[in-house]
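What follows is a single structure, written as structure tokens, with notes after it.
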Amino acid sequence: MIERIKELQKAVESFSPKNIEEIEEFRLKFLSKKGLIPALFNEFRDVAAEEKKLVGVEINKLKQFTTDKLNELKSLLVVTENNTVDIDLSRPGDPIKLGSRHPLSVARNEIITIFTRLGFVVGDGPEIEDDDHNFGKLNFPADHPARDMQDTFFISSDLNVLLRTHTSSVQAHEMSEMKPPIRSLAPGRVYRNEAISARAHCLFHQIEGLYVDKNVSFADLKQTLDYFAKEMFGEHTQIRMRPSYFPFTEPSAEVDVSCTLCNGKGCNVCKGTGWLEILGCGMVDPNVFIAAGIDPEIYSGFAFGMGIERITMLKYGIKDLRLFFENDLRFLEQFTAAY
Ligand code: PHE
């Protein structure tokens, strides 16, 4: 009898099931009413009286051992099955790292938002231009020194194809292709053959504005830019217009805003003047209208063009233009915006 108990003990010890069904088979074989262990208890009745004590202890040990093993195997298998099947939905999710917009995009979008409130519509034109749209139609006569105002990157050897030097080229397209009234904004890249420094780059961004209709006056231009300056730099911002020259506008002006840092008192950003230049503008020159097939006797208009880098530097107090092009995350991560 003792021998049989030891054999069963070994069988139980070496049992290692692969799944829950094998555990159930194990239970039926050893512990169910007709199983091997209850059968031992039946035989126990016939054991000689002097052996009863020893055999009884051994059978009970076997039964306890088998029951414990069964319970342990069951719980282990349930745990592993749970781990592979279940996902813990109460755990926090993996954070998704959001990028931020480039400061030039933030400023551009804000400028666009302000002018679209006045009814301006965003358009665009090619960065690779012909001489006619960048210069000719904009009243830059051939061989006129005005062409020297902008150092141009030419693409073709006959100097006809070039990288646009200003977004005013979009004006030339729009006036030839659209009928007034025109109220357009053209943001985009422009290129000039200039040495790269803290204040200049060979690639930068401008936004062009153009308004053509009957009875558009210089007062409309001034009011539009005053509204823009106050929306962009704060309600106490003032503008001033200084006479200037552009071949495609007459009269022309350069516009300054009161210094955003010292409010006009004079500081080192505005070099003590209290003013910061932000854009060029003027009334569309009649020659530009004629080149585009618009009658200057019927229509008038204004145009303005501003550098986005410059506006962004003034708005955020950035001192070096090269930072915009270096993609240094420590710089870029500082800009988050709703725009
Ligand atoms: N195109 C001019 C420049 O790049 C700016 C300008 C635009 C001036 C429209 C007048 C009218 O400096």
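Chains: A, B, ... in order of the structure tokens. Residues: from 1 per chain. Ligands: from 1, in order shown.
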
Select from chain A every residue with an atom at most 8 Å from any atom of ligand 1, then for each give the shortest pair of atoms and their distance in Å to one decimal, using only C-alpha atoms and all ligand atoms, rows by chain and rising number, as a Markdown table.
| residue | atom | partner | partner_atom_place_in_ligand_line | distance |
| --- | --- | --- | --- | --- |
| A:Thr165 | CA | ligand 1 | 4 (O) | 7.0 |
| A:His166 | CA | ligand 1 | 4 (O) | 4.7 |
| A:Thr167 | CA | ligand 1 | 1 (N) | 6.3 |
| A:Ser168 | CA | ligand 1 | 1 (N) | 5.0 |
| A:Gln206 | CA | ligand 1 | 4 (O) | 7.7 |
| A:Glu208 | CA | ligand 1 | 7 (C) | 6.1 |
| A:Gly209 | CA | ligand 1 | 9 (C) | 7.0 |
| A:Leu210 | CA | ligand 1 | 9 (C) | 7.7 |
| A:Phe246 | CA | ligand 1 | 10 (C) | 5.9 |
| A:Phe248 | CA | ligand 1 | 10 (C) | 6.9 |
| A:Thr249 | CA | ligand 1 | 10 (C) | 5.9 |
| A:Ser252 | CA | ligand 1 | 10 (C) | 6.5 |
| A:Ala253 | CA | ligand 1 | 10 (C) | 7.4 |
| A:Glu254 | CA | ligand 1 | 8 (C) | 7.9 |
| A:Leu279 | CA | ligand 1 | 5 (C) | 6.6 |
| A:Gly280 | CA | ligand 1 | 8 (C) | 4.0 |
| A:Cys281 | CA | ligand 1 | 10 (C) | 3.5 |
| A:Gly282 | CA | ligand 1 | 10 (C) | 5.2 |
| A:Met283 | CA | ligand 1 | 11 (C) | 7.7 |
| A:Val284 | CA | ligand 1 | 11 (C) | 7.6 |
| A:Phe302 | CA | ligand 1 | 11 (C) | 7.5 |
| A:Ala303 | CA | ligand 1 | 11 (C) | 4.5 |
| A:Phe304 | CA | ligand 1 | 9 (C) | 3.6 |
| A:Gly305 | CA | ligand 1 | 7 (C) | 3.6 |
| A:Met306 | CA | ligand 1 | 5 (C) | 6.3 |
| A:Gly307 | CA | ligand 1 | 4 (O) | 7.8 |

Using only C-alpha atoms, which protein or nucleic acid residues come within 10 Å of Tyr191 of chain A? Drop anything in the same chain fewer than 6 positions from it, and give the result as JSON, numbers by chain. {"A": [127, 128, 150, 151, 152, 153, 162, 163, 164, 165, 166, 167, 201, 202, 203, 204, 205]}

Based on the selection just made, write N, CA, C and O atoms of those residues as a JSON list (two decimals), in the first residue's frame.
[["chain", "number", "residue", "atom", "x", "y", "z"],
["A", 127, "GLU", "N", 7.30, 80.83, -57.62],
["A", 127, "GLU", "CA", 8.56, 81.36, -57.08],
["A", 127, "GLU", "C", 9.58, 81.53, -58.21],
["A", 127, "GLU", "O", 10.47, 82.36, -58.12],
["A", 128, "ILE", "N", 9.45, 80.70, -59.26],
["A", 128, "ILE", "CA", 10.30, 80.89, -60.44],
["A", 128, "ILE", "C", 9.52, 81.76, -61.41],
["A", 128, "ILE", "O", 8.44, 81.38, -61.85],
["A", 150, "GLN", "N", 17.32, 95.39, -56.31],
["A", 150, "GLN", "CA", 17.18, 94.03, -55.81],
["A", 150, "GLN", "C", 18.21, 93.13, -56.49],
["A", 150, "GLN", "O", 18.26, 93.06, -57.71],
["A", 151, "ASP", "N", 19.00, 92.46, -55.69],
["A", 151, "ASP", "CA", 20.03, 91.59, -56.26],
["A", 151, "ASP", "C", 19.39, 90.26, -56.60],
["A", 151, "ASP", "O", 18.99, 89.51, -55.73],
["A", 152, "THR", "N", 19.32, 90.01, -57.91],
["A", 152, "THR", "CA", 18.49, 88.92, -58.37],
["A", 152, "THR", "C", 19.28, 87.64, -58.64],
["A", 152, "THR", "O", 20.39, 87.69, -59.15],
["A", 153, "PHE", "N", 18.69, 86.48, -58.30],
["A", 153, "PHE", "CA", 19.23, 85.19, -58.73],
["A", 153, "PHE", "C", 18.60, 84.85, -60.07],
["A", 153, "PHE", "O", 17.40, 84.59, -60.16],
["A", 162, "LEU", "N", 14.02, 83.82, -63.48],
["A", 162, "LEU", "CA", 14.70, 84.18, -62.24],
["A", 162, "LEU", "C", 13.89, 83.73, -61.03],
["A", 162, "LEU", "O", 12.72, 83.34, -61.16],
["A", 163, "LEU", "N", 14.51, 83.75, -59.85],
["A", 163, "LEU", "CA", 13.77, 83.52, -58.61],
["A", 163, "LEU", "C", 13.17, 84.86, -58.20],
["A", 163, "LEU", "O", 13.89, 85.86, -58.16],
["A", 164, "ARG", "N", 11.89, 84.88, -57.92],
["A", 164, "ARG", "CA", 11.25, 86.18, -57.66],
["A", 164, "ARG", "C", 11.92, 86.88, -56.48],
["A", 164, "ARG", "O", 12.30, 86.25, -55.49],
["A", 165, "THR", "N", 12.09, 88.19, -56.64],
["A", 165, "THR", "CA", 12.78, 88.97, -55.60],
["A", 165, "THR", "C", 11.79, 89.60, -54.63],
["A", 165, "THR", "O", 12.19, 90.15, -53.60],
["A", 166, "HIS", "N", 10.51, 89.55, -54.98],
["A", 166, "HIS", "CA", 9.46, 90.07, -54.08],
["A", 166, "HIS", "C", 8.12, 89.44, -54.47],
["A", 166, "HIS", "O", 7.96, 88.92, -55.57],
["A", 167, "THR", "N", 7.18, 89.48, -53.54],
["A", 167, "THR", "CA", 5.86, 88.92, -53.85],
["A", 167, "THR", "C", 5.04, 89.88, -54.71],
["A", 167, "THR", "O", 3.92, 89.54, -55.10],
["A", 201, "HIS", "N", 18.95, 87.64, -45.37],
["A", 201, "HIS", "CA", 19.14, 86.25, -45.82],
["A", 201, "HIS", "C", 18.85, 86.22, -47.32],
["A", 201, "HIS", "O", 18.14, 87.08, -47.84],
["A", 202, "CYS", "N", 19.39, 85.20, -48.00],
["A", 202, "CYS", "CA", 19.14, 85.13, -49.43],
["A", 202, "CYS", "C", 17.75, 84.55, -49.71],
["A", 202, "CYS", "O", 17.23, 84.65, -50.82],
["A", 203, "LEU", "N", 17.15, 83.95, -48.70],
["A", 203, "LEU", "CA", 15.77, 83.44, -48.82],
["A", 203, "LEU", "C", 14.98, 84.01, -47.66],
["A", 203, "LEU", "O", 15.42, 83.92, -46.52],
["A", 204, "PHE", "N", 13.87, 84.64, -47.94],
["A", 204, "PHE", "CA", 13.00, 85.10, -46.84],
["A", 204, "PHE", "C", 11.56, 85.11, -47.31],
["A", 204, "PHE", "O", 11.24, 84.60, -48.39],
["A", 205, "HIS", "N", 10.68, 85.63, -46.49],
["A", 205, "HIS", "CA", 9.24, 85.54, -46.80],
["A", 205, "HIS", "C", 8.59, 86.91, -46.77],
["A", 205, "HIS", "O", 8.93, 87.74, -45.93]]

Env of Phe26 of chain A: 10 Å cut, atoms = only C-alpha atoms, seq-sep filter 4 positions within chain, self excluded. Answer as an NGL selection string. :A and (12 or 15-17 or 20-22 or 30-32 or 35 or 66 or 70)

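The space separating atom CA of Gly301 of chain A from atom CA of Glu250 of chain A comes to 10.4 Å.
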
Where does DSSP see alpha helix (DSSP H) in segment 139-296 of chain A, if you list the residues as a PyMOL selection string? chain A and resi 168-177+218-233+286-292

File of the preceding selection, N, CA and C atoms, as an mmCIF file, in the first residue's frame:
data_model
loop_
_atom_site.group_PDB
_atom_site.id
_atom_site.type_symbol
_atom_site.label_atom_id
_atom_site.label_comp_id
_atom_site.auth_asym_id
_atom_site.auth_seq_id
_atom_site.Cartn_x
_atom_site.Cartn_y
_atom_site.Cartn_z
ATOM 1 N N SER A 168 5.576 91.050 -55.028
ATOM 2 C CA SER A 168 4.857 91.971 -55.924
ATOM 3 C C SER A 168 4.620 91.330 -57.287
ATOM 4 N N SER A 169 5.424 90.310 -57.631
ATOM 5 C CA SER A 169 5.205 89.608 -58.904
ATOM 6 C C SER A 169 3.788 89.015 -58.951
ATOM 7 N N VAL A 170 3.247 88.650 -57.797
ATOM 8 C CA VAL A 170 1.889 88.082 -57.768
ATOM 9 C C VAL A 170 0.864 89.148 -58.170
ATOM 10 N N GLN A 171 1.131 90.408 -57.788
ATOM 11 C CA GLN A 171 0.267 91.528 -58.239
ATOM 12 C C GLN A 171 0.142 91.535 -59.756
ATOM 13 N N ALA A 172 1.307 91.379 -60.426
ATOM 14 C CA ALA A 172 1.315 91.437 -61.891
ATOM 15 C C ALA A 172 0.442 90.334 -62.469
ATOM 16 N N HIS A 173 0.492 89.136 -61.877
ATOM 17 C CA HIS A 173 -0.376 88.040 -62.333
ATOM 18 C C HIS A 173 -1.834 88.370 -62.089
ATOM 19 N N GLU A 174 -2.125 88.803 -60.872
ATOM 20 C CA GLU A 174 -3.531 88.980 -60.494
ATOM 21 C C GLU A 174 -4.201 90.081 -61.307
ATOM 22 N N MET A 175 -3.476 91.182 -61.515
ATOM 23 C CA MET A 175 -4.107 92.282 -62.246
ATOM 24 C C MET A 175 -4.348 91.913 -63.704
ATOM 25 N N SER A 176 -3.473 91.051 -64.275
ATOM 26 C CA SER A 176 -3.697 90.630 -65.664
ATOM 27 C C SER A 176 -4.806 89.581 -65.752
ATOM 28 N N GLU A 177 -4.937 88.755 -64.716
ATOM 29 C CA GLU A 177 -5.840 87.610 -64.817
ATOM 30 C C GLU A 177 -7.192 87.808 -64.153
ATOM 31 N N PHE A 218 -5.637 106.920 -50.914
ATOM 32 C CA PHE A 218 -4.505 106.776 -49.996
ATOM 33 C C PHE A 218 -5.000 106.678 -48.554
ATOM 34 N N ALA A 219 -6.144 107.357 -48.276
ATOM 35 C CA ALA A 219 -6.711 107.281 -46.920
ATOM 36 C C ALA A 219 -7.129 105.842 -46.602
ATOM 37 N N ASP A 220 -7.637 105.118 -47.625
ATOM 38 C CA ASP A 220 -8.008 103.709 -47.412
ATOM 39 C C ASP A 220 -6.765 102.880 -47.049
ATOM 40 N N LEU A 221 -5.669 103.167 -47.769
ATOM 41 C CA LEU A 221 -4.417 102.462 -47.501
ATOM 42 C C LEU A 221 -3.972 102.702 -46.064
ATOM 43 N N LYS A 222 -4.002 103.977 -45.687
ATOM 44 C CA LYS A 222 -3.519 104.341 -44.360
ATOM 45 C C LYS A 222 -4.386 103.684 -43.270
ATOM 46 N N GLN A 223 -5.694 103.729 -43.468
ATOM 47 C CA GLN A 223 -6.607 103.146 -42.487
ATOM 48 C C GLN A 223 -6.407 101.633 -42.360
ATOM 49 N N THR A 224 -6.218 100.990 -43.520
ATOM 50 C CA THR A 224 -6.023 99.534 -43.533
ATOM 51 C C THR A 224 -4.764 99.151 -42.753
ATOM 52 N N LEU A 225 -3.685 99.912 -42.992
ATOM 53 C CA LEU A 225 -2.421 99.572 -42.329
ATOM 54 C C LEU A 225 -2.452 99.934 -40.843
ATOM 55 N N ASP A 226 -3.175 100.988 -40.500
ATOM 56 C CA ASP A 226 -3.321 101.367 -39.094
ATOM 57 C C ASP A 226 -4.064 100.260 -38.330
ATOM 58 N N TYR A 227 -5.132 99.752 -38.960
ATOM 59 C CA TYR A 227 -5.895 98.648 -38.354
ATOM 60 C C TYR A 227 -4.991 97.428 -38.166
ATOM 61 N N PHE A 228 -4.233 97.125 -39.222
ATOM 62 C CA PHE A 228 -3.336 95.966 -39.145
ATOM 63 C C PHE A 228 -2.339 96.111 -37.999
ATOM 64 N N ALA A 229 -1.699 97.287 -37.916
ATOM 65 C CA ALA A 229 -0.655 97.492 -36.898
ATOM 66 C C ALA A 229 -1.218 97.328 -35.486
ATOM 67 N N LYS A 230 -2.425 97.852 -35.271
ATOM 68 C CA LYS A 230 -3.026 97.762 -33.931
ATOM 69 C C LYS A 230 -3.415 96.324 -33.594
ATOM 70 N N GLU A 231 -3.914 95.589 -34.599
ATOM 71 C CA GLU A 231 -4.284 94.186 -34.360
ATOM 72 C C GLU A 231 -3.039 93.330 -34.115
ATOM 73 N N MET A 232 -1.979 93.626 -34.855
ATOM 74 C CA MET A 232 -0.778 92.777 -34.790
ATOM 75 C C MET A 232 0.078 93.088 -33.556
ATOM 76 N N PHE A 233 0.242 94.387 -33.259
ATOM 77 C CA PHE A 233 1.204 94.757 -32.213
ATOM 78 C C PHE A 233 0.550 95.342 -30.959
ATOM 79 N N PRO A 286 -0.194 104.096 -62.422
ATOM 80 C CA PRO A 286 -1.034 103.933 -63.626
ATOM 81 C C PRO A 286 -0.368 103.069 -64.691
ATOM 82 N N ASN A 287 0.964 103.130 -64.808
ATOM 83 C CA ASN A 287 1.656 102.294 -65.797
ATOM 84 C C ASN A 287 1.455 100.802 -65.524
ATOM 85 N N VAL A 288 1.338 100.439 -64.249
ATOM 86 C CA VAL A 288 1.125 99.029 -63.876
ATOM 87 C C VAL A 288 -0.283 98.607 -64.310
ATOM 88 N N PHE A 289 -1.247 99.494 -64.096
ATOM 89 C CA PHE A 289 -2.615 99.195 -64.549
ATOM 90 C C PHE A 289 -2.656 98.997 -66.066
ATOM 91 N N ILE A 290 -1.987 99.909 -66.779
ATOM 92 C CA ILE A 290 -2.015 99.841 -68.255
ATOM 93 C C ILE A 290 -1.388 98.526 -68.727
ATOM 94 N N ALA A 291 -0.244 98.133 -68.101
ATOM 95 C CA ALA A 291 0.423 96.878 -68.491
ATOM 96 C C ALA A 291 -0.466 95.665 -68.247
ATOM 97 N N ALA A 292 -1.405 95.791 -67.291
ATOM 98 C CA ALA A 292 -2.266 94.654 -66.953
ATOM 99 C C ALA A 292 -3.615 94.734 -67.663
#

One number please: atom CA of Pro247 of chain A to atom CA of Arg322 of chain A, in Å, one decimal.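 So the two atoms, atom CA of Pro247 of chain A and atom CA of Arg322 of chain A, lie 29.6 Å apart.
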
For Arg101 of chain A, which residue out of A:Gly266, A:Leu329, A:Leu159, A:Glu72 is the nearest one, using only C-alpha atoms? A:Leu329

Please identify which residues in segment 31-214 of chain A DSSP calls strand (DSSP E or B) from the backbone, and express them as JSON, numbers by chain. {"A": [121, 122, 128, 129, 130, 154, 161, 162, 163, 182, 183, 184, 185, 186, 187, 188, 189, 190, 191, 203, 204, 205, 206, 207, 208, 209, 210, 211, 212, 213]}

For those residues, write N, CA and C atoms to a file as an mmCIF file, in the first residue's frame.
data_model
loop_
_atom_site.group_PDB
_atom_site.id
_atom_site.type_symbol
_atom_site.label_atom_id
_atom_site.label_comp_id
_atom_site.auth_asym_id
_atom_site.auth_seq_id
_atom_site.Cartn_x
_atom_site.Cartn_y
_atom_site.Cartn_z
ATOM 1 N N VAL A 121 -8.415 88.083 -49.748
ATOM 2 C CA VAL A 121 -8.463 86.656 -50.051
ATOM 3 C C VAL A 121 -7.046 86.185 -50.395
ATOM 4 N N VAL A 122 -6.645 85.019 -49.866
ATOM 5 C CA VAL A 122 -5.272 84.538 -50.080
ATOM 6 C C VAL A 122 -5.109 83.922 -51.469
ATOM 7 N N ILE A 128 9.455 80.697 -59.258
ATOM 8 C CA ILE A 128 10.304 80.888 -60.438
ATOM 9 C C ILE A 128 9.518 81.757 -61.409
ATOM 10 N N GLU A 129 10.045 82.929 -61.675
ATOM 11 C CA GLU A 129 9.294 83.931 -62.436
ATOM 12 C C GLU A 129 9.994 84.283 -63.743
ATOM 13 N N ASP A 130 9.266 84.988 -64.611
ATOM 14 C CA ASP A 130 9.944 85.602 -65.749
ATOM 15 C C ASP A 130 10.169 87.076 -65.434
ATOM 16 N N PHE A 154 19.412 84.890 -61.137
ATOM 17 C CA PHE A 154 18.877 84.540 -62.455
ATOM 18 C C PHE A 154 19.041 83.040 -62.688
ATOM 19 N N VAL A 161 14.560 84.211 -66.926
ATOM 20 C CA VAL A 161 13.957 83.396 -65.869
ATOM 21 C C VAL A 161 14.747 83.592 -64.585
ATOM 22 N N LEU A 162 14.016 83.823 -63.481
ATOM 23 C CA LEU A 162 14.699 84.181 -62.238
ATOM 24 C C LEU A 162 13.886 83.727 -61.031
ATOM 25 N N LEU A 163 14.515 83.749 -59.848
ATOM 26 C CA LEU A 163 13.769 83.519 -58.608
ATOM 27 C C LEU A 163 13.173 84.860 -58.200
ATOM 28 N N ILE A 182 -10.436 93.680 -56.797
ATOM 29 C CA ILE A 182 -9.476 92.660 -56.348
ATOM 30 C C ILE A 182 -9.050 93.035 -54.930
ATOM 31 N N ARG A 183 -9.121 92.078 -54.034
ATOM 32 C CA ARG A 183 -8.613 92.313 -52.673
ATOM 33 C C ARG A 183 -7.824 91.059 -52.304
ATOM 34 N N SER A 184 -6.530 91.064 -52.565
ATOM 35 C CA SER A 184 -5.788 89.798 -52.428
ATOM 36 C C SER A 184 -4.578 89.919 -51.515
ATOM 37 N N LEU A 185 -4.206 88.790 -50.984
ATOM 38 C CA LEU A 185 -3.018 88.652 -50.140
ATOM 39 C C LEU A 185 -2.170 87.557 -50.763
ATOM 40 N N ALA A 186 -0.871 87.777 -50.863
ATOM 41 C CA ALA A 186 -0.025 86.725 -51.434
ATOM 42 C C ALA A 186 1.191 86.490 -50.546
ATOM 43 N N PRO A 187 1.132 85.483 -49.693
ATOM 44 C CA PRO A 187 2.299 85.155 -48.869
ATOM 45 C C PRO A 187 3.227 84.196 -49.613
ATOM 46 N N GLY A 188 4.524 84.291 -49.366
ATOM 47 C CA GLY A 188 5.408 83.305 -49.998
ATOM 48 C C GLY A 188 6.879 83.623 -49.868
ATOM 49 N N ARG A 189 7.691 82.707 -50.407
ATOM 50 C CA ARG A 189 9.146 82.865 -50.339
ATOM 51 C C ARG A 189 9.635 83.802 -51.426
ATOM 52 N N VAL A 190 10.657 84.567 -51.091
ATOM 53 C CA VAL A 190 11.322 85.409 -52.084
ATOM 54 C C VAL A 190 12.835 85.250 -51.917
ATOM 55 N N TYR A 191 13.574 85.599 -52.957
ATOM 56 C CA TYR A 191 15.014 85.303 -52.979
ATOM 57 C C TYR A 191 15.817 86.526 -53.411
ATOM 58 N N LEU A 203 17.147 83.949 -48.698
ATOM 59 C CA LEU A 203 15.772 83.441 -48.824
ATOM 60 C C LEU A 203 14.980 84.011 -47.662
ATOM 61 N N PHE A 204 13.870 84.645 -47.941
ATOM 62 C CA PHE A 204 13.005 85.101 -46.844
ATOM 63 C C PHE A 204 11.555 85.115 -47.314
ATOM 64 N N HIS A 205 10.684 85.629 -46.487
ATOM 65 C CA HIS A 205 9.242 85.539 -46.795
ATOM 66 C C HIS A 205 8.591 86.912 -46.766
ATOM 67 N N GLN A 206 7.671 87.100 -47.692
ATOM 68 C CA GLN A 206 6.910 88.356 -47.713
ATOM 69 C C GLN A 206 5.417 88.052 -47.784
ATOM 70 N N ILE A 207 4.620 89.069 -47.444
ATOM 71 C CA ILE A 207 3.183 88.995 -47.753
ATOM 72 C C ILE A 207 2.843 90.254 -48.532
ATOM 73 N N GLU A 208 2.224 90.048 -49.659
ATOM 74 C CA GLU A 208 1.828 91.152 -50.518
ATOM 75 C C GLU A 208 0.330 91.394 -50.348
ATOM 76 N N GLY A 209 -0.076 92.644 -50.308
ATOM 77 C CA GLY A 209 -1.507 92.963 -50.299
ATOM 78 C C GLY A 209 -1.829 93.831 -51.499
ATOM 79 N N LEU A 210 -2.978 93.605 -52.105
ATOM 80 C CA LEU A 210 -3.375 94.412 -53.267
ATOM 81 C C LEU A 210 -4.868 94.665 -53.195
ATOM 82 N N TYR A 211 -5.239 95.928 -53.389
ATOM 83 C CA TYR A 211 -6.660 96.275 -53.387
ATOM 84 C C TYR A 211 -6.922 97.165 -54.591
ATOM 85 N N VAL A 212 -7.722 96.702 -55.520
ATOM 86 C CA VAL A 212 -8.055 97.493 -56.715
ATOM 87 C C VAL A 212 -9.567 97.587 -56.839
ATOM 88 N N ASP A 213 -10.059 98.809 -56.965
ATOM 89 C CA ASP A 213 -11.503 99.014 -57.128
ATOM 90 C C ASP A 213 -11.704 100.462 -57.589
#

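Straight-line separation from atom CA of Asn19 of chain A to atom CA of Ser75 of chain A: 11.8 Å.
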
Identify, on the basis of only C-alpha atoms, every residue whose closest approach to segment 45-47 of chain A does not exceed 9 Å; exclude the query and any residue fewer than 5 positions from it along the same chain; express the result as an mmCIF file with N, CA, C and O atoms, in the first residue's frame.
data_model
loop_
_atom_site.group_PDB
_atom_site.id
_atom_site.type_symbol
_atom_site.label_atom_id
_atom_site.label_comp_id
_atom_site.auth_asym_id
_atom_site.auth_seq_id
_atom_site.Cartn_x
_atom_site.Cartn_y
_atom_site.Cartn_z
ATOM 1 N N MET A 1 0.820 -1.216 0.000
ATOM 2 C CA MET A 1 0.000 0.000 0.000
ATOM 3 C C MET A 1 0.855 1.268 0.000
ATOM 4 O O MET A 1 0.672 2.169 -0.797
ATOM 5 N N LYS A 52 -2.478 0.932 10.195
ATOM 6 C CA LYS A 52 -3.464 1.983 9.872
ATOM 7 C C LYS A 52 -2.954 3.410 10.105
ATOM 8 O O LYS A 52 -3.140 4.292 9.286
ATOM 9 N N VAL A 55 -0.286 4.391 7.356
ATOM 10 C CA VAL A 55 -0.888 4.484 6.018
ATOM 11 C C VAL A 55 -1.854 5.669 5.952
ATOM 12 O O VAL A 55 -1.864 6.445 4.997
#

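Considering only C-alpha atoms, the residue among A:Tyr245, A:Gly125, A:Ile239, A:Ile37 positioned nearest to Lys61 of chain A is A:Ile37.
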
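Using only C-alpha atoms for every distance, the candidate list A:Leu28, A:Met313, A:Leu40, A:Ile23 yields A:Leu40 as the residue closest to Glu3 of chain A.
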
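The shortest atom-to-atom distance to Asp285 of chain A, with only C-alpha atoms taken into account, belongs to A:Leu138 out of A:Met178, A:Val216, A:Ile298, A:Leu138.
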